[in-house]
Amino acid sequence: MKSDSQIQPKEWKDKPDRTYTIATKPGLKFDIETITVSAGMKVKIIFNNNDDMLHNLVITKPGTADNVGILATKMGLSGERLNYIPKTSDILYHTRILQPKESDAIYFTAPSVPGDYMYICTYPGHFMVMRGVLKVTK
């Protein structure tokens with residue numbers, strides 16, 4: 001089942017203001033490590049898992065990425081079934097967990113508060129190195 005952020009909002013009569021495609025690269029990395037958007041911009045992110053292991057893309061509130069990653073690691077055996085998305089208000093948007101060669105898309109309106117919003121992979125152990133920054137400007 002898709003979450004609300006995985007379906008383009010009906011009120012977006014047109015396409016998103018900006019679309020980014022992010023993929024994986026060797027060494028537990030995203031191929032784009034910084035995205036800059038304006039506050040309130042309509043954004044679509046397509047996430048392609050080019051790797052041979054499971055990954056997701058999770059956008060977090062500023063300063064919370066490490067805690068979100070730790071919470072995901074503590075999910076234990078139920079983690080994969082729940083896409084390694086812990087129940088916390090520190091997660092703003094996320095893809096599902098992707099098998100190798102799968103892709104997913106998320107749609108969201110960029111936060112109204114400028115700042116650096118980290119995006120991470122919350123598959124256990126990945127969040128420490130697999131990260132990027134969604135820079136929100138005025």
# chains A, B, ... in the order shown; residues from 1 in each chain; ligands from 1

call {"tool": "residues_around", "arguments": {"residues": "Pro26 in chain A", "least_positions_apart": "3", "cutoff": "10 Å", "atoms": "only C-alpha atoms", "output": "list of chain:residue names"}}
result
A:Lys29, A:Phe30, A:Asp31, A:Asn50, A:Asp51, A:Asp52

call {"tool": "select_by_dssp", "arguments": {"residues": "range 14-120 of chain A", "states": "helix (DSSP H, G or I)", "output": "MDAnalysis selection string"}}
result
chainID A and resid 65:73 76:78

call {"tool": "closest_residue", "arguments": {"among": "A:Leu82, A:Ala105, A:Leu77, A:Ala72", "to": "Ala23 in chain A", "atoms": "only C-alpha atoms"}}
result
A:Ala105

call {"tool": "closest_residue", "arguments": {"among": "A:Lys61, A:Arg96, A:Lys87, A:Lys138", "to": "Tyr117 in chain A", "atoms": "only C-alpha atoms"}}
result
A:Lys61

call {"tool": "closest_residue", "arguments": {"among": "A:His55, A:His94, A:Lys25, A:Lys74", "to": "Ile7 in chain A", "atoms": "only C-alpha atoms"}}
result
A:His94

call {"tool": "residues_around", "arguments": {"residues": "range 129-133 of chain A", "least_positions_apart": "3", "cutoff": "7 Å", "atoms": "only C-alpha atoms", "output": "VMD selection string"}}
result
chain A and resid 28 to 30 33 to 35 116 to 121 126

call {"tool": "residues_around", "arguments": {"residues": "Ile91 in chain A", "least_positions_apart": "6", "cutoff": "12 Å", "atoms": "only C-alpha atoms", "output": "list of chain:residue names"}}
result
A:Ser5, A:Leu57, A:Val58, A:Ile59, A:Thr60, A:Lys61, A:Pro62, A:Gly63, A:Thr64, A:Ala65, A:Asp66, A:Asn67, A:Val68, A:Gly69, A:Leu71, A:Ala72, A:Tyr84, A:Ile85, A:Tyr117, A:Met118, A:Tyr119, A:Ile120, A:Cys121, A:Thr122

call {"tool": "closest_residue", "arguments": {"among": "A:Asn48, A:Asn56, A:Pro114, A:Glu80", "to": "Lys101 in chain A", "atoms": "only C-alpha atoms"}}
result
A:Asn48

call {"tool": "residues_around", "arguments": {"residues": "Ile46 in chain A", "least_positions_apart": "6", "cutoff": "8 Å", "atoms": "only C-alpha atoms", "output": "PDB file with N, CA and C atoms, in the first residue's frame"}}
result
ATOM      1  N   THR A  19      11.506  18.036 -10.186  1.00  0.00           N
ATOM      2  CA  THR A  19      11.635  16.585 -10.061  1.00  0.00           C
ATOM      3  C   THR A  19      13.110  16.234 -10.016  1.00  0.00           C
ATOM      4  N   TYR A  20      13.484  15.416  -9.046  1.00  0.00           N
ATOM      5  CA  TYR A  20      14.854  14.929  -8.910  1.00  0.00           C
ATOM      6  C   TYR A  20      14.837  13.418  -8.998  1.00  0.00           C
ATOM      7  N   THR A  21      15.860  12.857  -9.607  1.00  0.00           N
ATOM      8  CA  THR A  21      16.047  11.414  -9.609  1.00  0.00           C
ATOM      9  C   THR A  21      17.337  11.126  -8.850  1.00  0.00           C
ATOM     10  N   ILE A  22      17.201  10.380  -7.777  1.00  0.00           N
ATOM     11  CA  ILE A  22      18.339   9.998  -6.945  1.00  0.00           C
ATOM     12  C   ILE A  22      18.497   8.493  -7.055  1.00  0.00           C
ATOM     13  N   SER A 103      12.342   0.961  -8.059  1.00  0.00           N
ATOM     14  CA  SER A 103      12.311   2.400  -7.835  1.00  0.00           C
ATOM     15  C   SER A 103      10.972   2.784  -7.216  1.00  0.00           C
ATOM     16  N   ASP A 104      10.938   3.966  -6.626  1.00  0.00           N
ATOM     17  CA  ASP A 104       9.741   4.487  -5.974  1.00  0.00           C
ATOM     18  C   ASP A 104       9.803   6.004  -6.108  1.00  0.00           C
ATOM     19  N   ALA A 105       8.676   6.660  -5.938  1.00  0.00           N
ATOM     20  CA  ALA A 105       8.635   8.121  -6.006  1.00  0.00           C
ATOM     21  C   ALA A 105       7.877   8.660  -4.804  1.00  0.00           C
ATOM     22  N   ILE A 106       8.313   9.838  -4.348  1.00  0.00           N
ATOM     23  CA  ILE A 106       7.588  10.535  -3.290  1.00  0.00           C
ATOM     24  C   ILE A 106       7.302  11.956  -3.769  1.00  0.00           C
TER      25      ILE A 106
END

call {"tool": "select_by_dssp", "arguments": {"residues": "range 23-85 of chain A", "states": "strand (DSSP E or B)", "output": "PyMOL selection string"}}
result
chain A and resi 23-25+29-30+34-38+42-48+55+58-60

call {"tool": "residues_around", "arguments": {"residues": "Lys15 in chain A", "least_positions_apart": "3", "cutoff": "9 Å", "atoms": "only C-alpha atoms", "output": "ChimeraX atom specification"}}
result
/A:8,12,18-19,42,44

call {"tool": "write_last_selection", "arguments": {"atoms": "C-alpha atoms", "output": "compact mmCIF listing (two decimals), in the first residue's frame"}}
result
# COMPACT_ATOMS: atom_id res chain seq x y z
CA GLN A 8 0.87 13.05 -6.38
CA TRP A 12 -1.37 19.77 -7.60
CA ARG A 18 10.89 20.29 -9.52
CA THR A 19 11.63 16.58 -10.06
CA LYS A 42 6.20 21.15 -4.94
CA LYS A 44 8.90 14.90 -6.66
